[in-house]
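Colleague: Quick one: structure below, then a few questions.
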Amino acid sequence: MSRLIVILGDQLSRSISSLDGADKDHDSVLMCEVMAEATYVGHHKKKIAFIFSAMRHFADELRGAGYKVRYTTIDEPTNTGSFTGEVQRASAALRPSAICITEPGEWRVLKEIRSWSDTLGLEVELRRDHRFICSHREFRQWAQGRKSLTMEFFYREMRRKTGLLMQGDKPLGGRWNFDSENRKPAEPGLLRPRHLEFEPDAITTEVLNAVGQLFPGHFGKLEGFGFAVTRSDALKVLDGFIEDFLPKFGETQDAMLQGEPWLNHSLLSFYINVGLLEPLEVCLSAERAYHEGRAPLNAVEGFVRQIIGWREYMRGIYWFAGPDYAESNYFGNTRALPSFYWSGDTDMNCLSTVITETIDHAYAHHIQRLMITGNFALLAGIDPKQVHQWYLEVYADAYEWVELPNVIGMSQFADGGFLGTKPYAASGNYINRMSDYCGSCRFDPKQRVGSKACPFNALYWDFLDRNRDKLSSNHRLVQPYATWSRMSDESRDETRRQAASFLAGLE
Ligand code: FAD
Ligand code: SF4
């Protein structure tokens, strides 16, 4: 009996379940770079290069460990361009008795895999992805019958399950959540250690050349590629984060500074999502730093919550909500995504900064994604599907299982509150408090109307006003609606006109 073990580009882990019990003498591993995956949305060039290079390095690692690996590069003339085509080709050549694969991270790919047994006439064994802490079944059991799917309660379950930062059945430090000690604005001019970057080796250089040639029209820059593409280098990024950035992680988690795209963030999502690092090992590493007195509890708890809380929760929601979740459009928004999302060419300094950094690095940190690009799209009433596609294209850590709920649920509230309790909508005041972007902007965050007024201000009130029937009963929005009601009729009309004229200009 010989099996074909198919390993996808985000399954680059020696402990991936499809390799469990593999027979190195008889089984073969198939890995393939295919056009269909690289182009179903126009992914950032750095994202494609990162995944292909990490795949090629992982294939070499497997060969070194004695596996037989069949690998198709993107520029190989016989490459059929799709997973199904490559599995078909490999099956014809190797004549396996069965196919084995770990479940993918997308409904779209799952559908394709489910068609293989008919197409190929072979048994297809689909295995659970053990890299995640919460299985689909566990999430369903937790979610079913609940009035609201509050992340905080899910997170506590995950703390209990993993034992992370626990003292018996109680949370370490007596509290589950130390967020009240986090979320300070960052101090400009503070000297920070540099995040690790890696010089492209021969494999990465070859990939960079191929991506430059094959995907010239895709978003983003290839120059300055510095990602880790092997597990050993990803572990160096993890160690560097724990040593240099974790102690301040909590405090500056929500801060934004001009010219500092990374601050104290971990830059680990690329590696965890692709399989080079395991979520649990990353959390254990942070927990160790706390026990050894190298990082305070507020920082470590905040970090662990992002991974066993938000990350697992997003994945749970994605599979629980079903494939139609992508169609959600609670506010009925139809406006097209403004062209400056592709170029960064706008006078609004916050947007221009975040989009330009995204073009350069295929990265923006959480608050930049949520409160700058996401917030603007929400306030301006952009079609959520276009917003979702943009996020899927532009970030090197974007895979639908994690990107979609973050965009549709958390950022755009397009699911009407299935995931979150209120929309993350904010005026220029919030951006001014949490960043230094406004100081060098031609707009004034304190003005609501007039030629210098920050567009986020009128848009914020206009968003609440036009969605009054859907939002005014939300208890978390009572205060802003009360403030809006207290404004004079004239002020409200002026604000509506300001927003309408700005939105007309967008088109
Ligand atoms: P850190 O700030 O250092 O956080 C540590 C880790 O926690 C991250 O590496 C990540 O694994 C996890 N994490 C933190 N927040 C979240 C979250 N909300 N959901 C899931 N995991 C989280 N994350 C992705 O991995 N892929 C995406 O495509 C993606 N799209 C997003 C879109 C929007 C609109 C928003 C608001 C958030 C999105 N996120 C996404 C979540 C988050 O922004 C990124 O995980 C984070 O910015 C990655 O950078 P980092 O590794 O430096 O994170
Ligand atoms: Fe952004 Fe408004 Fe601040 Fe300009 S003034 S940076 S548009 S929030």
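Each chain of the structure tokens is named A, B, ... in the order shown, its residues numbered from 1; ligands are numbered from 1 in display order.
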List all protein, DNA and RNA residues that have at least one atom no more than 8 Å from any atom of ligand 1, counting only C-alpha atoms and all ligand atoms, and write them as JSON, numbers by chain.
Modeller: {"A": [249, 253, 262, 264, 265, 266, 267, 268, 269, 270, 272, 273, 279, 303, 304, 305, 306, 307, 310, 311, 312, 313, 314, 315, 363, 364, 365, 366, 367, 368, 369, 370, 371, 373, 374, 391, 392, 395, 396, 397, 398, 399, 400, 402, 403, 404, 405, 406, 407, 408, 410, 411, 412]}
Colleague: Please identify all polymer residues within 12 Å of segment 173-181 of chain A, counting only C-alpha atoms, omitting same-chain residues fewer than 2 positions from it, and present them as a VMD selection string.
Modeller: chain A and resid 151 to 160 164 to 171 183 to 185 248 to 254 290 296 to 306 309
Colleague: If you take only C-alpha atoms and all ligand atoms and a cut-off of 10 Å, which residues of chain A touch ligand 2, and what are their nearest atom pairs and distances in Å to one decimal, in chain and number order, as a tab-separated table?
Modeller:
```
residue	atom	partner	partner_atom_place_in_ligand_line	distance
A:Thr346	CA	ligand 2	7 (S)	9.2
A:Asp347	CA	ligand 2	7 (S)	7.4
A:Met348	CA	ligand 2	7 (S)	4.0
A:Asn349	CA	ligand 2	6 (S)	4.4
A:Cys350	CA	ligand 2	6 (S)	4.2
A:Leu351	CA	ligand 2	1 (Fe)	6.5
A:Ser352	CA	ligand 2	6 (S)	8.6
A:Thr353	CA	ligand 2	6 (S)	8.8
A:Met371	CA	ligand 2	8 (S)	9.9
A:Ile372	CA	ligand 2	1 (Fe)	7.8
A:Phe376	CA	ligand 2	1 (Fe)	9.4
A:Ala426	CA	ligand 2	8 (S)	9.4
A:Ser427	CA	ligand 2	8 (S)	7.2
A:Gly428	CA	ligand 2	8 (S)	3.9
A:Asn429	CA	ligand 2	8 (S)	7.0
A:Tyr430	CA	ligand 2	8 (S)	7.7
A:Ile431	CA	ligand 2	8 (S)	5.1
A:Asn432	CA	ligand 2	3 (Fe)	5.6
A:Arg433	CA	ligand 2	3 (Fe)	9.4
A:Met434	CA	ligand 2	8 (S)	10.0
A:Ser435	CA	ligand 2	3 (Fe)	8.4
A:Asp436	CA	ligand 2	6 (S)	8.0
A:Tyr437	CA	ligand 2	6 (S)	4.7
A:Cys438	CA	ligand 2	3 (Fe)	3.6
A:Gly439	CA	ligand 2	6 (S)	7.3
A:Ser440	CA	ligand 2	6 (S)	7.3
A:Cys441	CA	ligand 2	4 (Fe)	4.6
A:Arg442	CA	ligand 2	4 (Fe)	6.4
A:Phe443	CA	ligand 2	5 (S)	4.5
A:Asp444	CA	ligand 2	5 (S)	4.6
A:Pro445	CA	ligand 2	5 (S)	4.1
A:Lys446	CA	ligand 2	5 (S)	7.8
A:Gln447	CA	ligand 2	5 (S)	8.7
A:Arg448	CA	ligand 2	2 (Fe)	9.9
A:Lys452	CA	ligand 2	5 (S)	8.6
A:Ala453	CA	ligand 2	5 (S)	7.5
A:Cys454	CA	ligand 2	2 (Fe)	4.1
A:Pro455	CA	ligand 2	7 (S)	5.9
A:Phe456	CA	ligand 2	2 (Fe)	5.8
A:Asn457	CA	ligand 2	2 (Fe)	7.6
```
Colleague: Just asking: which residues within segment 132-355 of chain A are alpha helix (DSSP H) according to DSSP, as a PyMOL selection string?
Modeller: chain A and resi 136-143+151-162+202-214+231-240+246-249+269-274+279-291+297-304+312-321+340-343+349-355
Colleague: Any idea what's packed within 7 Å of segment 4-10 of chain A, counting only C-alpha atoms, ignoring anything in its chain fewer than 5 positions away? Could you give it as a list in words?
Modeller: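 After dropping sequence-adjacent residues, the list is Ser18, Asp27, Ser28, Val29, Leu30, Met31, Ile51, Met55, Pro96, Ala98, Ile99, Cys100, Ile101, Asn273, Val274 and Gly275 of chain A.
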Colleague: Within 10 Å of Val394 of chain A, counting only C-alpha atoms, which residues show up once you throw out same-chain ones fewer than 4 positions away? Write them as a ChimeraX atom specification, please.
Modeller: /A:41-47,218-220,341-342,355,358-359,361-364,389-390,398
Colleague: Among segment 53-118 of chain A, which ones does DSSP place in strand (DSSP E), written as a PyMOL selection string?
Modeller: chain A and resi 68-72+98-102
Colleague: Return the single residue from A:Ala500, A:Leu506, A:Leu477, A:Leu378 that is closest to Pro338 of chain A, with distances computed using only C-alpha atoms.
Modeller: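 Checking each candidate against Pro338 of chain A, we get A:Leu506 as the closest.
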Colleague: Can you pull out the residues contacting segment 485-491 of chain A? Cut-off 12 Å, using only C-alpha atoms, and skip same-chain residues under 3 positions away; I want them as a PyMOL selection string.
Modeller: chain A and resi 448-450+458+461-462+464-465+468+472+478-482+494-498
Colleague: Take the residues from that selection and write them out as a short mmCIF file (atom, residue, chain, number, x, y, z; two decimals), in the first residue's frame, keeping N, CA and C atoms.
Modeller:
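After the write, selection-v3.cif holds the following:
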```cif
data_model
loop_
_atom_site.label_atom_id
_atom_site.label_comp_id
_atom_site.auth_asym_id
_atom_site.auth_seq_id
_atom_site.Cartn_x
_atom_site.Cartn_y
_atom_site.Cartn_z
N ARG A 448 -15.01 69.07 12.59
CA ARG A 448 -16.02 68.15 12.03
C ARG A 448 -16.48 68.60 10.65
N VAL A 449 -16.55 69.92 10.46
CA VAL A 449 -16.97 70.43 9.15
C VAL A 449 -15.99 71.50 8.68
N GLY A 450 -16.02 71.73 7.37
CA GLY A 450 -15.12 72.73 6.80
C GLY A 450 -14.02 72.05 5.99
N ALA A 458 -17.00 63.65 10.26
CA ALA A 458 -18.35 63.69 9.70
C ALA A 458 -18.81 62.28 9.30
N TRP A 461 -20.29 60.34 12.36
CA TRP A 461 -21.66 60.70 12.74
C TRP A 461 -22.66 60.29 11.67
N ASP A 462 -22.24 60.45 10.43
CA ASP A 462 -23.12 60.07 9.31
C ASP A 462 -23.39 58.56 9.33
N LEU A 464 -23.47 56.62 12.01
CA LEU A 464 -24.44 56.34 13.07
C LEU A 464 -25.84 56.78 12.63
N ASP A 465 -25.88 57.95 12.00
CA ASP A 465 -27.17 58.51 11.60
C ASP A 465 -27.86 57.63 10.56
N ARG A 468 -29.16 54.25 11.96
CA ARG A 468 -29.86 54.40 13.24
C ARG A 468 -30.79 53.21 13.53
N SER A 472 -29.21 51.92 16.94
CA SER A 472 -29.50 52.81 18.08
C SER A 472 -29.94 52.05 19.33
N VAL A 478 -25.34 53.83 23.17
CA VAL A 478 -26.29 54.79 23.73
C VAL A 478 -25.66 56.18 23.82
N GLN A 479 -24.44 56.23 24.31
CA GLN A 479 -23.80 57.53 24.52
C GLN A 479 -23.58 58.31 23.21
N PRO A 480 -22.98 57.69 22.18
CA PRO A 480 -22.83 58.46 20.94
C PRO A 480 -24.17 58.92 20.34
N TYR A 481 -25.19 58.05 20.43
CA TYR A 481 -26.49 58.49 19.89
C TYR A 481 -27.05 59.66 20.71
N ALA A 482 -26.80 59.64 22.02
CA ALA A 482 -27.28 60.76 22.85
C ALA A 482 -26.55 62.05 22.46
N GLU A 494 -25.27 70.08 8.76
CA GLU A 494 -23.93 70.42 8.26
C GLU A 494 -23.06 69.17 8.17
N THR A 495 -23.16 68.35 9.23
CA THR A 495 -22.35 67.12 9.29
C THR A 495 -22.75 66.17 8.16
N ARG A 496 -24.05 66.03 7.96
CA ARG A 496 -24.52 65.14 6.88
C ARG A 496 -24.02 65.65 5.52
N ARG A 497 -24.10 66.98 5.33
CA ARG A 497 -23.66 67.55 4.04
C ARG A 497 -22.16 67.33 3.85
N GLN A 498 -21.40 67.53 4.95
CA GLN A 498 -19.93 67.34 4.88
C GLN A 498 -19.62 65.89 4.46
#
```
Colleague: Got a sec: who's within 10 Å of Leu208 of chain A, counting only C-alpha atoms, leaving out chain neighbours fewer than 2 positions off, as an mmCIF file with all heavy atoms, in the first residue's frame?
Modeller:
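Wrote out-v1.cif, looks like this:
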```cif
data_model
loop_
_atom_site.group_PDB
_atom_site.id
_atom_site.type_symbol
_atom_site.label_atom_id
_atom_site.label_comp_id
_atom_site.auth_asym_id
_atom_site.auth_seq_id
_atom_site.Cartn_x
_atom_site.Cartn_y
_atom_site.Cartn_z
ATOM 1 N N LYS A 45 2.782 40.381 -3.747
ATOM 2 C CA LYS A 45 3.920 39.626 -4.306
ATOM 3 C C LYS A 45 4.759 39.002 -3.189
ATOM 4 O O LYS A 45 5.245 37.878 -3.304
ATOM 5 C CB LYS A 45 4.800 40.556 -5.145
ATOM 6 C CG LYS A 45 4.120 41.124 -6.383
ATOM 7 C CD LYS A 45 5.175 41.846 -7.228
ATOM 8 C CE LYS A 45 4.551 42.770 -8.241
ATOM 9 N NZ LYS A 45 4.206 44.092 -7.690
ATOM 10 N N LYS A 46 4.926 39.746 -2.089
ATOM 11 C CA LYS A 46 5.752 39.197 -0.987
ATOM 12 C C LYS A 46 5.076 37.972 -0.355
ATOM 13 O O LYS A 46 5.756 37.071 0.126
ATOM 14 C CB LYS A 46 5.954 40.256 0.108
ATOM 15 C CG LYS A 46 7.117 41.199 -0.151
ATOM 16 C CD LYS A 46 7.603 41.851 1.143
ATOM 17 C CE LYS A 46 8.867 42.640 0.919
ATOM 18 N NZ LYS A 46 8.664 44.038 0.561
ATOM 19 N N ILE A 48 3.169 35.730 -1.924
ATOM 20 C CA ILE A 48 3.384 34.567 -2.801
ATOM 21 C C ILE A 48 4.824 34.076 -2.636
ATOM 22 O O ILE A 48 5.080 32.880 -2.482
ATOM 23 C CB ILE A 48 3.108 34.933 -4.282
ATOM 24 C CG1 ILE A 48 1.676 35.452 -4.452
ATOM 25 C CG2 ILE A 48 3.355 33.735 -5.192
ATOM 26 C CD1 ILE A 48 1.338 35.885 -5.880
ATOM 27 N N ALA A 49 5.771 35.025 -2.641
ATOM 28 C CA ALA A 49 7.185 34.638 -2.535
ATOM 29 C C ALA A 49 7.449 33.959 -1.190
ATOM 30 O O ALA A 49 8.169 32.953 -1.115
ATOM 31 C CB ALA A 49 8.078 35.865 -2.693
ATOM 32 N N PHE A 50 6.869 34.491 -0.132
ATOM 33 C CA PHE A 50 7.069 33.905 1.202
ATOM 34 C C PHE A 50 6.587 32.452 1.225
ATOM 35 O O PHE A 50 7.302 31.544 1.658
ATOM 36 C CB PHE A 50 6.325 34.754 2.250
ATOM 37 C CG PHE A 50 6.154 34.069 3.573
ATOM 38 C CD1 PHE A 50 7.254 33.677 4.311
ATOM 39 C CD2 PHE A 50 4.879 33.804 4.070
ATOM 40 C CE1 PHE A 50 7.092 33.029 5.541
ATOM 41 C CE2 PHE A 50 4.712 33.159 5.290
ATOM 42 C CZ PHE A 50 5.822 32.765 6.024
ATOM 43 N N PHE A 52 5.893 30.327 -1.306
ATOM 44 C CA PHE A 52 6.622 29.407 -2.205
ATOM 45 C C PHE A 52 8.019 29.088 -1.644
ATOM 46 O O PHE A 52 8.470 27.940 -1.675
ATOM 47 C CB PHE A 52 6.754 30.011 -3.610
ATOM 48 C CG PHE A 52 5.464 29.981 -4.414
ATOM 49 C CD1 PHE A 52 5.415 30.534 -5.695
ATOM 50 C CD2 PHE A 52 4.312 29.405 -3.901
ATOM 51 C CE1 PHE A 52 4.244 30.515 -6.446
ATOM 52 C CE2 PHE A 52 3.127 29.387 -4.645
ATOM 53 C CZ PHE A 52 3.099 29.944 -5.919
ATOM 54 N N SER A 53 8.696 30.111 -1.122
ATOM 55 C CA SER A 53 10.043 29.858 -0.610
ATOM 56 C C SER A 53 9.976 28.948 0.627
ATOM 57 O O SER A 53 10.773 28.012 0.761
ATOM 58 C CB SER A 53 10.740 31.175 -0.267
ATOM 59 O OG SER A 53 11.999 30.898 0.283
ATOM 60 N N PRO A 200 17.728 36.983 1.631
ATOM 61 C CA PRO A 200 17.277 35.860 0.788
ATOM 62 C C PRO A 200 18.437 34.937 0.415
ATOM 63 O O PRO A 200 19.498 35.419 0.023
ATOM 64 C CB PRO A 200 16.728 36.566 -0.465
ATOM 65 C CG PRO A 200 16.403 37.953 -0.012
ATOM 66 C CD PRO A 200 17.383 38.290 1.068
ATOM 67 N N ALA A 202 19.713 31.283 -1.826
ATOM 68 C CA ALA A 202 19.593 30.958 -3.257
ATOM 69 C C ALA A 202 18.149 30.554 -3.608
ATOM 70 O O ALA A 202 17.613 30.974 -4.651
ATOM 71 C CB ALA A 202 20.563 29.839 -3.606
ATOM 72 N N ILE A 203 17.521 29.772 -2.742
ATOM 73 C CA ILE A 203 16.143 29.320 -3.040
ATOM 74 C C ILE A 203 15.206 30.523 -3.076
ATOM 75 O O ILE A 203 14.407 30.691 -4.007
ATOM 76 C CB ILE A 203 15.667 28.297 -1.970
ATOM 77 C CG1 ILE A 203 16.488 27.018 -2.075
ATOM 78 C CG2 ILE A 203 14.167 28.001 -2.122
ATOM 79 C CD1 ILE A 203 16.117 25.952 -1.049
ATOM 80 N N THR A 204 15.313 31.383 -2.066
ATOM 81 C CA THR A 204 14.414 32.543 -2.021
ATOM 82 C C THR A 204 14.674 33.465 -3.214
ATOM 83 O O THR A 204 13.724 33.996 -3.819
ATOM 84 C CB THR A 204 14.601 33.311 -0.690
ATOM 85 O OG1 THR A 204 14.373 32.396 0.386
ATOM 86 C CG2 THR A 204 13.651 34.473 -0.571
ATOM 87 N N THR A 205 15.934 33.627 -3.580
ATOM 88 C CA THR A 205 16.251 34.509 -4.716
ATOM 89 C C THR A 205 15.594 33.969 -5.992
ATOM 90 O O THR A 205 15.013 34.725 -6.781
ATOM 91 C CB THR A 205 17.785 34.607 -4.890
ATOM 92 O OG1 THR A 205 18.329 35.043 -3.649
ATOM 93 C CG2 THR A 205 18.165 35.585 -5.985
ATOM 94 N N GLU A 206 15.644 32.666 -6.165
ATOM 95 C CA GLU A 206 15.018 32.047 -7.350
ATOM 96 C C GLU A 206 13.505 32.293 -7.335
ATOM 97 O O GLU A 206 12.904 32.646 -8.358
ATOM 98 C CB GLU A 206 15.307 30.549 -7.320
ATOM 99 C CG GLU A 206 15.198 29.892 -8.668
ATOM 100 C CD GLU A 206 15.527 28.398 -8.582
ATOM 101 O OE1 GLU A 206 16.173 27.965 -7.611
ATOM 102 O OE2 GLU A 206 15.104 27.680 -9.479
ATOM 103 N N ALA A 210 11.092 34.426 -9.961
ATOM 104 C CA ALA A 210 9.908 33.833 -10.615
ATOM 105 C C ALA A 210 8.667 34.674 -10.325
ATOM 106 O O ALA A 210 7.861 34.951 -11.228
ATOM 107 C CB ALA A 210 9.710 32.397 -10.129
ATOM 108 N N VAL A 211 8.507 35.104 -9.067
ATOM 109 C CA VAL A 211 7.304 35.872 -8.703
ATOM 110 C C VAL A 211 7.313 37.218 -9.433
ATOM 111 O O VAL A 211 6.284 37.665 -9.962
ATOM 112 C CB VAL A 211 7.216 36.055 -7.158
ATOM 113 C CG1 VAL A 211 6.113 37.031 -6.780
ATOM 114 C CG2 VAL A 211 6.985 34.705 -6.480
ATOM 115 N N GLY A 212 8.479 37.847 -9.496
ATOM 116 C CA GLY A 212 8.599 39.125 -10.220
ATOM 117 C C GLY A 212 8.171 38.980 -11.675
ATOM 118 O O GLY A 212 7.497 39.843 -12.237
ATOM 119 N N GLN A 213 8.538 37.857 -12.273
ATOM 120 C CA GLN A 213 8.214 37.647 -13.700
ATOM 121 C C GLN A 213 6.759 37.243 -13.924
ATOM 122 O O GLN A 213 6.115 37.702 -14.858
ATOM 123 C CB GLN A 213 9.097 36.539 -14.259
ATOM 124 C CG GLN A 213 10.427 37.050 -14.745
ATOM 125 C CD GLN A 213 11.367 35.900 -15.081
ATOM 126 O OE1 GLN A 213 10.919 34.776 -15.330
ATOM 127 N NE2 GLN A 213 12.660 36.180 -15.074
ATOM 128 N N LEU A 214 6.249 36.401 -13.026
ATOM 129 C CA LEU A 214 4.919 35.824 -13.274
ATOM 130 C C LEU A 214 3.759 36.662 -12.742
ATOM 131 O O LEU A 214 2.636 36.533 -13.200
ATOM 132 C CB LEU A 214 4.831 34.419 -12.654
ATOM 133 C CG LEU A 214 5.696 33.353 -13.323
ATOM 134 C CD1 LEU A 214 5.762 32.095 -12.473
ATOM 135 C CD2 LEU A 214 5.142 33.024 -14.708
ATOM 136 N N LEU A 222 8.222 43.638 -4.012
ATOM 137 C CA LEU A 222 9.037 42.476 -3.662
ATOM 138 C C LEU A 222 10.319 42.896 -2.955
ATOM 139 O O LEU A 222 10.897 42.134 -2.189
ATOM 140 C CB LEU A 222 9.424 41.721 -4.932
ATOM 141 C CG LEU A 222 8.573 40.553 -5.386
ATOM 142 C CD1 LEU A 222 9.168 39.936 -6.638
ATOM 143 C CD2 LEU A 222 8.415 39.491 -4.294
ATOM 144 N N GLU A 223 10.763 44.140 -3.239
ATOM 145 C CA GLU A 223 12.033 44.626 -2.680
ATOM 146 C C GLU A 223 11.986 44.592 -1.152
ATOM 147 O O GLU A 223 10.956 44.875 -0.556
ATOM 148 C CB GLU A 223 12.324 46.076 -3.118
ATOM 149 C CG GLU A 223 12.546 46.265 -4.600
ATOM 150 C CD GLU A 223 11.240 46.234 -5.386
ATOM 151 O OE1 GLU A 223 10.199 46.629 -4.830
ATOM 152 O OE2 GLU A 223 11.270 45.792 -6.550
ATOM 153 N N PHE A 225 12.600 41.952 0.783
ATOM 154 C CA PHE A 225 12.054 40.699 1.337
ATOM 155 C C PHE A 225 12.947 40.222 2.480
ATOM 156 O O PHE A 225 14.127 39.967 2.282
ATOM 157 C CB PHE A 225 11.986 39.631 0.232
ATOM 158 C CG PHE A 225 11.348 38.341 0.661
ATOM 159 C CD1 PHE A 225 10.020 38.092 0.398
ATOM 160 C CD2 PHE A 225 12.094 37.373 1.336
ATOM 161 C CE1 PHE A 225 9.427 36.892 0.798
ATOM 162 C CE2 PHE A 225 11.509 36.179 1.739
ATOM 163 C CZ PHE A 225 10.167 35.947 1.463
#
```
Colleague: Using Å and a single decimal, report how far atom CA of Gln258 of chain A sits from atom CA of Phe227 of chain A.
Modeller: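 The value is 22.0 Å.
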Colleague: Please provide the set of residues having any atom within 12 Å of Leu120 of chain A, restricted to only C-alpha atoms, with same-chain residues fewer than 4 positions apart removed, written as JSON, numbers by chain.
Modeller: {"A": [84, 85, 86, 87, 88, 89, 90, 91, 92, 95, 96, 97, 98, 99, 113, 114, 115, 116, 124]}
Colleague: How close does segment 145-258 of chain A get to segment 281-289 of chain A? List, as CSV, each residue of segment 145-258 of chain A within 12 Å, its nearest atom pair and the distance in Å to one decimal, counting only C-alpha atoms.
Modeller:
```
residue,atom,partner,partner_atom,distance
A:Met158,CA,A:Cys283,CA,12.0
A:Arg159,CA,A:Cys283,CA,10.9
A:Thr162,CA,A:Leu284,CA,9.8
A:Gly163,CA,A:Leu284,CA,10.1
A:Leu164,CA,A:Glu287,CA,7.2
A:Leu165,CA,A:Glu287,CA,6.8
A:Met166,CA,A:Glu287,CA,10.2
A:Leu172,CA,A:Glu287,CA,10.8
A:Ala234,CA,A:Val282,CA,10.8
A:Leu235,CA,A:Val282,CA,9.1
A:Lys236,CA,A:Val282,CA,11.7
A:Val237,CA,A:Val282,CA,10.7
A:Leu238,CA,A:Val282,CA,7.2
A:Asp239,CA,A:Ser285,CA,8.3
A:Gly240,CA,A:Ser285,CA,11.3
A:Phe241,CA,A:Ala286,CA,9.3
A:Ile242,CA,A:Ala286,CA,6.3
A:Glu243,CA,A:Ala289,CA,8.2
A:Asp244,CA,A:Ala289,CA,11.2
A:Phe245,CA,A:Ala286,CA,10.9
A:Leu246,CA,A:Ala286,CA,7.7
A:Pro247,CA,A:Ala289,CA,9.0
A:Phe249,CA,A:Ala286,CA,11.0
```
Colleague: Selection from above, N, CA, C and O atoms, as a tab-separated table (two decimals), in the first residue's frame, can you write it?
Modeller:
```
chain	number	residue	atom	x	y	z
A	158	MET	N	-10.35	28.10	26.72
A	158	MET	CA	-9.06	27.70	26.15
A	158	MET	C	-7.94	27.78	27.20
A	158	MET	O	-7.01	26.98	27.18
A	159	ARG	N	-8.04	28.73	28.11
A	159	ARG	CA	-7.05	28.81	29.20
A	159	ARG	C	-7.16	27.54	30.06
A	159	ARG	O	-6.16	26.94	30.44
A	162	THR	N	-5.79	24.47	28.05
A	162	THR	CA	-4.34	24.39	27.85
A	162	THR	C	-3.59	24.49	29.18
A	162	THR	O	-2.42	24.12	29.25
A	163	GLY	N	-4.23	25.04	30.20
A	163	GLY	CA	-3.53	25.26	31.48
A	163	GLY	C	-2.60	26.46	31.43
A	163	GLY	O	-1.85	26.72	32.37
A	164	LEU	N	-2.65	27.22	30.33
A	164	LEU	CA	-1.75	28.38	30.20
A	164	LEU	C	-2.13	29.46	31.20
A	164	LEU	O	-3.31	29.82	31.33
A	165	LEU	N	-1.15	29.97	31.93
A	165	LEU	CA	-1.33	31.05	32.90
A	165	LEU	C	-2.43	30.72	33.91
A	165	LEU	O	-3.25	31.57	34.25
A	166	MET	N	-2.45	29.47	34.33
A	166	MET	CA	-3.45	29.03	35.31
A	166	MET	C	-2.77	28.60	36.61
A	166	MET	O	-1.62	28.14	36.59
A	172	LEU	N	-3.95	32.94	36.71
A	172	LEU	CA	-2.79	33.50	37.40
A	172	LEU	C	-2.98	35.01	37.60
A	172	LEU	O	-3.45	35.69	36.68
A	234	ALA	N	12.34	30.99	11.83
A	234	ALA	CA	11.11	31.45	12.49
A	234	ALA	C	11.27	31.36	14.01
A	234	ALA	O	10.80	32.23	14.75
A	235	LEU	N	11.97	30.31	14.47
A	235	LEU	CA	12.23	30.19	15.91
A	235	LEU	C	13.10	31.35	16.41
A	235	LEU	O	12.94	31.82	17.54
A	236	LYS	N	14.00	31.82	15.54
A	236	LYS	CA	14.83	32.98	15.93
A	236	LYS	C	13.94	34.22	16.08
A	236	LYS	O	14.15	35.05	16.95
A	237	VAL	N	12.94	34.36	15.20
A	237	VAL	CA	12.01	35.50	15.31
A	237	VAL	C	11.25	35.40	16.63
A	237	VAL	O	11.10	36.39	17.35
A	238	LEU	N	10.82	34.18	16.95
A	238	LEU	CA	10.09	33.99	18.21
A	238	LEU	C	10.97	34.36	19.41
A	238	LEU	O	10.56	35.13	20.28
A	239	ASP	N	12.21	33.85	19.42
A	239	ASP	CA	13.11	34.16	20.55
A	239	ASP	C	13.37	35.66	20.64
A	239	ASP	O	13.38	36.24	21.73
A	240	GLY	N	13.57	36.29	19.48
A	240	GLY	CA	13.82	37.74	19.46
A	240	GLY	C	12.63	38.50	20.00
A	240	GLY	O	12.78	39.47	20.76
A	241	PHE	N	11.44	38.07	19.65
A	241	PHE	CA	10.23	38.75	20.15
A	241	PHE	C	10.14	38.62	21.67
A	241	PHE	O	9.91	39.59	22.38
A	242	ILE	N	10.32	37.41	22.17
A	242	ILE	CA	10.18	37.17	23.62
A	242	ILE	C	11.20	38.02	24.38
A	242	ILE	O	10.88	38.64	25.40
A	243	GLU	N	12.40	38.09	23.86
A	243	GLU	CA	13.48	38.81	24.54
A	243	GLU	C	13.29	40.33	24.47
A	243	GLU	O	13.35	41.02	25.46
A	244	ASP	N	13.02	40.82	23.25
A	244	ASP	CA	13.10	42.27	23.04
A	244	ASP	C	11.76	42.99	23.06
A	244	ASP	O	11.72	44.18	23.34
A	245	PHE	N	10.68	42.34	22.69
A	245	PHE	CA	9.43	43.08	22.47
A	245	PHE	C	8.29	42.69	23.40
A	245	PHE	O	7.42	43.50	23.69
A	246	LEU	N	8.29	41.43	23.84
A	246	LEU	CA	7.16	40.97	24.67
A	246	LEU	C	6.94	41.83	25.92
A	246	LEU	O	5.79	42.16	26.24
A	247	PRO	N	8.01	42.22	26.64
A	247	PRO	CA	7.75	42.98	27.87
A	247	PRO	C	6.89	44.23	27.65
A	247	PRO	O	6.13	44.61	28.52
A	249	PHE	N	4.78	44.52	24.98
A	249	PHE	CA	3.74	44.17	24.00
A	249	PHE	C	2.37	44.73	24.39
A	249	PHE	O	1.69	45.37	23.60
```
